[in-house]
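Below is one structure, written out as structure tokens; the observations come after it.
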Amino acid sequence: MKFNQLLIVFVVQVFLRTTYGEPINKKFPENFLFGTATASYQVEGAWITDGKGENIWDHFTHIHSDLIANGDNGDIACDSYNKYQEDVAMLKDLGVNFYRFSLSWSRILPSGFTNQVNQPGVDYYKNLIAALKENGIEPYVTLYHWDLPEPLQELGGWPNPDLADYFAEYARLAFTLFGDDVKNWMTFNEAKQTCQLGYGYGVYAPGVASDGIGDYLCAHTVLRAHAKAYHIYDEEFRATQNGRVSMVVDTDWFEPDSDSEEDIEAAERRIQFNFGWYANAIYHPDGNYPQVMIDRIADRSQQEGFPRSRLPEFTPEEVEYIKGTYDFFALNTYTTSLVKWSDDYPIGTPSWDADGSVTVYQDSSWNSSASGWLKVVPWGTRKLLNWIDQTYDHPEIVITENGYSDHGELDDQDRINYYSKYLSNILQAILEDGVNVTGYTAWSLMDNFEWLSGYTEKFGLYQVDFTDPNRTRTIKSSAKFYKNVIATKCLVDTCEE
Ligand SMILES: *[C@@H]1O[C@H](CO)[C@@H](O)[C@H](O)[C@H]1NC(C)=O
Ligand SMILES: *[C@@H]1O[C@H](CO)[C@@H](O)[C@H](O)[C@H]1NC(C)=O
Ligand SMILES: *[C@@H]1O[C@H](CO)[C@@H](O)[C@H](O)[C@H]1NC(C)=O
């Protein structure tokens, strides 16, 4: 973008920043869809039951219990493997249009490969999907929500380019098994967390620390794997199953710290490094990685003494193959950060942060949550939606995750505050800015295993008692609030007709 374009964007941004998000009295469009979400490792439990194979989160939590709050793991979690009928009853009571959940690859394919299918695992998902459909709830299915079969990790995991083919074969099997009933597929959930935390910083499973190299290799495979699955759907299933396939990309909104040209450029660079890294190749009309990443990583790699860029290159054929492999824009977003321009980090050890070279922080006055990274900044979501609308040529957007963490209280007024203000900003983006958001997903249906934070950060609309072998679920105030929003499509007591 040229400076004067950036300036116009900034003026709009300053205007939007003054809208703090007291809920407006307008209704969501008649065909707007509401749902809620979970992920296999976070809720299912039954980690070694009925033939399921080990995955990287089973492995990581067992050998690195010291890295997880209270040494916890997902061995039992919410026990949804045994209690899915109760989950469906909660969903029915909420009145959601859809339920987004993920398939555990290792439950269906214990070794990761398609030569051996585990029938009880297939049956579990068939039963869950049937129960949803009997209750008028559409299944939205994610193929990969971070739980790679351990045997594939032993081959190197996502930095190994051959995983794209193994993923594509798993995707084909899932479309074959479940595609008559599942019309909304998401290939990967938040691949950035897999690649950056799993193979860059090395803090999430599988714990490979290779910052500025492994993370880029991982993303390269994931983008190719996603595109393969999309094309398989297009060529072999779309005509008969008539569904939609996309990839979930996550980001904060990045607000410039000031109106200086440098800070505006830094904020744009940050969103390209954070979000464009995954979104651009699929959702941008030109495809490929963002040019700012290609240029900066090539330049820094050369200065560091590498014979070629640490960011792998797509061939022109690959750019074309990946570009446009979506049927809607699938977005997860929770919060906002501020960005300041910084001098380029000194040349030294490669890292993703140094490649981007910006200063990122959050305002200490923003309301907090139980998660250090999650501040309540409702206006940021409206700006992000406008930025996506402009950058990716007015796509249809489905918000596939958004939510708030606390310590598990039943009368969770702070969660209601978060949902009502975020939903109001989303509604304003639709009604006042013309952004095409068609669906919203509250994370999460119930309290669950929150990765390194174990069971200490709660995102649920329903409480789960993790000290009770029955994993008893109890409704929270926020579930009653969300149920009313879904029923009335209105965020306040009465909306304009
Ligand atoms: C921050 O929290 C306070 C107290 O719960 C609430 O009154 C206020 O509206 C919140 N602000 C935002 C932006 O959520
Ligand atoms: C939103 O996207 C859907 C699906 O592509 C399309 O049918 C609809 O016309 C779009 N609406 C707007 C307001 O752009
Ligand atoms: C188990 O929990 C469910 C709610 O999740 C509850 O309806 C049921 O009564 C509980 N059973 C026992 C034995 O506590």
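The chains in the structure tokens are called A, B, ... from first to last as shown; in each chain the residues are counted from 1, and the ligands are counted from 1 in the order shown.
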Around ligand 1, out to 9 Å and counting only C-alpha atoms and all ligand atoms, which residues are there? I want them as a PyMOL selection string. chain A and resi 20-22+366-368+375-379+413-414+417-418+421-422
File of the preceding selection, all heavy atoms, as a short mmCIF file (atom, residue, chain, number, x, y, z; two decimals), in the first residue's frame:
```
data_model
loop_
_atom_site.label_atom_id
_atom_site.label_comp_id
_atom_site.auth_asym_id
_atom_site.auth_seq_id
_atom_site.Cartn_x
_atom_site.Cartn_y
_atom_site.Cartn_z
N TYR A 20 -16.63 1.97 21.32
CA TYR A 20 -16.17 1.01 22.31
C TYR A 20 -17.03 -0.24 22.39
O TYR A 20 -16.66 -1.21 23.00
CB TYR A 20 -15.99 1.68 23.68
CG TYR A 20 -14.73 2.48 23.66
CD1 TYR A 20 -14.72 3.80 23.30
CD2 TYR A 20 -13.50 1.84 23.90
CE1 TYR A 20 -13.54 4.50 23.22
CE2 TYR A 20 -12.32 2.54 23.81
CZ TYR A 20 -12.34 3.87 23.48
OH TYR A 20 -11.16 4.56 23.39
N GLY A 21 -18.22 -0.19 21.77
CA GLY A 21 -18.95 -1.44 21.66
C GLY A 21 -20.09 -1.65 22.60
O GLY A 21 -20.46 -2.78 22.87
N GLU A 22 -20.69 -0.58 23.16
CA GLU A 22 -21.95 -0.80 23.89
C GLU A 22 -22.89 -1.43 22.87
O GLU A 22 -23.04 -0.92 21.76
CB GLU A 22 -22.49 0.52 24.42
CG GLU A 22 -21.72 1.09 25.62
CD GLU A 22 -21.46 0.08 26.72
OE1 GLU A 22 -22.38 -0.70 27.04
OE2 GLU A 22 -20.34 0.06 27.26
N TRP A 366 -6.55 -2.12 29.23
CA TRP A 366 -7.59 -2.98 28.66
C TRP A 366 -8.02 -4.05 29.67
O TRP A 366 -7.17 -4.58 30.41
CB TRP A 366 -7.06 -3.67 27.38
CG TRP A 366 -6.86 -2.72 26.24
CD1 TRP A 366 -7.39 -1.46 26.08
CD2 TRP A 366 -6.04 -2.95 25.07
NE1 TRP A 366 -6.95 -0.91 24.90
CE2 TRP A 366 -6.14 -1.80 24.24
CE3 TRP A 366 -5.26 -4.03 24.63
CZ2 TRP A 366 -5.47 -1.69 23.03
CZ3 TRP A 366 -4.60 -3.93 23.41
CH2 TRP A 366 -4.71 -2.77 22.61
N ASN A 367 -9.31 -4.39 29.65
CA ASN A 367 -9.80 -5.44 30.56
C ASN A 367 -9.09 -6.75 30.27
O ASN A 367 -8.84 -7.09 29.12
CB ASN A 367 -11.31 -5.65 30.37
CG ASN A 367 -12.15 -4.55 31.01
OD1 ASN A 367 -11.60 -3.60 31.58
ND2 ASN A 367 -13.46 -4.68 30.91
N SER A 368 -8.81 -7.48 31.33
CA SER A 368 -8.07 -8.72 31.16
C SER A 368 -9.00 -9.93 31.27
O SER A 368 -10.20 -9.79 31.47
CB SER A 368 -6.94 -8.80 32.18
OG SER A 368 -7.50 -8.64 33.46
N LYS A 375 -6.85 -9.81 26.01
CA LYS A 375 -7.44 -8.58 26.55
C LYS A 375 -8.74 -8.31 25.81
O LYS A 375 -8.90 -8.68 24.64
CB LYS A 375 -6.49 -7.39 26.33
CG LYS A 375 -5.10 -7.61 26.89
CD LYS A 375 -5.08 -7.61 28.41
CE LYS A 375 -3.66 -7.79 28.92
NZ LYS A 375 -3.64 -8.50 30.22
N VAL A 376 -9.65 -7.63 26.48
CA VAL A 376 -10.98 -7.39 25.91
C VAL A 376 -10.94 -6.07 25.12
O VAL A 376 -10.89 -4.99 25.70
CB VAL A 376 -12.04 -7.31 27.02
CG1 VAL A 376 -13.43 -7.13 26.42
CG2 VAL A 376 -11.98 -8.56 27.89
N VAL A 377 -10.92 -6.18 23.79
CA VAL A 377 -10.79 -5.00 22.92
C VAL A 377 -11.80 -5.12 21.77
O VAL A 377 -11.45 -5.43 20.63
CB VAL A 377 -9.35 -4.88 22.36
CG1 VAL A 377 -9.11 -3.47 21.81
CG2 VAL A 377 -8.29 -5.22 23.40
N PRO A 378 -13.07 -4.87 22.08
CA PRO A 378 -14.12 -5.17 21.09
C PRO A 378 -13.93 -4.45 19.76
O PRO A 378 -14.18 -5.04 18.70
CB PRO A 378 -15.41 -4.68 21.78
CG PRO A 378 -15.08 -4.64 23.24
CD PRO A 378 -13.62 -4.38 23.35
N TRP A 379 -13.49 -3.19 19.78
CA TRP A 379 -13.37 -2.43 18.53
C TRP A 379 -12.33 -3.02 17.60
O TRP A 379 -12.38 -2.82 16.38
CB TRP A 379 -13.07 -0.95 18.80
CG TRP A 379 -11.92 -0.66 19.73
CD1 TRP A 379 -12.01 -0.34 21.05
CD2 TRP A 379 -10.52 -0.64 19.41
NE1 TRP A 379 -10.76 -0.14 21.58
CE2 TRP A 379 -9.82 -0.32 20.60
CE3 TRP A 379 -9.78 -0.87 18.25
CZ2 TRP A 379 -8.42 -0.23 20.66
CZ3 TRP A 379 -8.39 -0.78 18.31
CH2 TRP A 379 -7.73 -0.47 19.50
N GLN A 413 -20.35 -12.90 34.33
CA GLN A 413 -20.74 -11.61 33.73
C GLN A 413 -19.66 -11.05 32.80
O GLN A 413 -19.97 -10.37 31.82
CB GLN A 413 -21.08 -10.58 34.82
CG GLN A 413 -22.33 -10.94 35.63
CD GLN A 413 -23.58 -11.02 34.77
OE1 GLN A 413 -23.78 -10.24 33.83
NE2 GLN A 413 -24.45 -11.99 35.07
N ASP A 414 -18.39 -11.31 33.11
CA ASP A 414 -17.32 -10.79 32.23
C ASP A 414 -17.37 -11.45 30.86
O ASP A 414 -17.05 -10.83 29.85
CB ASP A 414 -15.94 -11.00 32.86
CG ASP A 414 -15.74 -10.11 34.08
OD1 ASP A 414 -16.43 -9.07 34.18
OD2 ASP A 414 -14.91 -10.46 34.95
N ASN A 417 -20.17 -9.76 29.04
CA ASN A 417 -19.68 -8.45 28.57
C ASN A 417 -18.87 -8.62 27.28
O ASN A 417 -19.07 -7.88 26.31
CB ASN A 417 -18.81 -7.81 29.66
CG ASN A 417 -18.11 -6.55 29.17
OD1 ASN A 417 -18.75 -5.54 28.91
ND2 ASN A 417 -16.80 -6.63 29.01
N TYR A 418 -17.98 -9.61 27.27
CA TYR A 418 -17.13 -9.85 26.10
C TYR A 418 -18.00 -10.20 24.88
O TYR A 418 -17.89 -9.57 23.83
CB TYR A 418 -16.16 -10.99 26.39
CG TYR A 418 -15.22 -11.35 25.26
CD1 TYR A 418 -13.91 -10.86 25.24
CD2 TYR A 418 -15.62 -12.18 24.21
CE1 TYR A 418 -13.04 -11.19 24.20
CE2 TYR A 418 -14.76 -12.51 23.18
CZ TYR A 418 -13.46 -12.03 23.19
OH TYR A 418 -12.60 -12.36 22.16
N LYS A 421 -20.22 -7.22 23.58
CA LYS A 421 -19.50 -6.13 22.92
C LYS A 421 -18.83 -6.60 21.62
O LYS A 421 -18.82 -5.87 20.63
CB LYS A 421 -18.47 -5.52 23.87
CG LYS A 421 -19.13 -4.78 25.03
CD LYS A 421 -18.17 -3.86 25.73
CE LYS A 421 -18.90 -2.92 26.67
NZ LYS A 421 -18.82 -3.32 28.06
N TYR A 422 -18.27 -7.78 21.63
CA TYR A 422 -17.67 -8.29 20.39
C TYR A 422 -18.75 -8.51 19.32
O TYR A 422 -18.60 -8.12 18.17
CB TYR A 422 -16.87 -9.58 20.64
CG TYR A 422 -15.42 -9.32 21.03
CD1 TYR A 422 -15.10 -8.73 22.24
CD2 TYR A 422 -14.37 -9.63 20.16
CE1 TYR A 422 -13.77 -8.47 22.59
CE2 TYR A 422 -13.05 -9.38 20.50
CZ TYR A 422 -12.76 -8.80 21.71
OH TYR A 422 -11.44 -8.53 22.04
#
```
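Neighbouring residues of ligand 2 at a cut-off of 9 Å, counting only C-alpha atoms and all ligand atoms, are Asp327, Phe328, His394, Pro395, Glu396, Ile397, Ile430, Gly434, Val435, Asn436, Val437 and Thr438 of chain A.
Distances here use only C-alpha atoms; by that measure, the residue among A:Lys92, A:Arg310, A:Arg244, A:Lys323 closest to Tyr283 in chain A is A:Lys323.
Residues in contact with ligand 3 (atom pairs separated by at most 12 Å; only C-alpha atoms and all ligand atoms) are Cys78, Asp79, Ser80, Asn82, Lys83, Tyr84, Gln85, Glu86, Asp87, Val88, Ala89, Met90, Met446, Tyr462, Gln463, Val464, Asp465, Phe466, Thr467, Asp468, Pro469, Asn470, Arg471, Thr472, Arg473, Thr474 and Ile475 of chain A.
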Based on the backbone DSSP call, show me all residues of range 229-363 of chain A assigned helix (DSSP H, G or I), as a PyMOL selection string. chain A and resi 229-241+261-283+291-304+316-322+352-356
Can you pull out every residue within 10 Å of Glu236 in chain A, counting only C-alpha atoms, but drop anything in the same chain fewer than 3 positions away, and send it as JSON, numbers by chain? {"A": [172, 175, 176, 231, 232, 233, 239, 240, 241]}
Long-range neighbours of range 116-124 of chain A as a list in words, 10 Å cut-off, only C-alpha atoms, 4 positions minimum in chain: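 The filter keeps Thr49, Asp50, Gly51, Lys52, Gly53, Tyr81, Asn82, Tyr84, Leu103, Ser104, Trp105, Ser106, Arg107, Ile108, Leu109, Pro110, Ser111, Gly112, Leu128, Ile129, Ala130, Leu173, Ala174, Leu177 and Phe178 of chain A.
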Quick check for you: according to DSSP on this backbone, which residues of range 280-479 of chain A are classed as strand (DSSP E)? Reply as an MDAnalysis selection string. chainID A and resid 329:332 336:341 358:361 397:402 437:443 462:464 473:475
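Comparing the minimum interatomic distances between Asp234 in chain A and each of A:Thr325, A:Thr335, A:Ser420, A:Ser301, counting only C-alpha atoms, we find that A:Thr325 sits nearest.
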Between A:Leu223, A:Ala229, A:Ala370, A:Leu148, single out the one closest to Asn288 in chain A, counting only C-alpha atoms.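 Closest candidate: A:Leu223.
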Within 9 Å of range 34-40 of chain A, counting only C-alpha atoms, which residues qualify if same-chain residues fewer than 5 places away don't, as a ChimeraX atom specification? /A:45,80,91,95-104,137,140,142,145-147,400-401,438-446,448,486
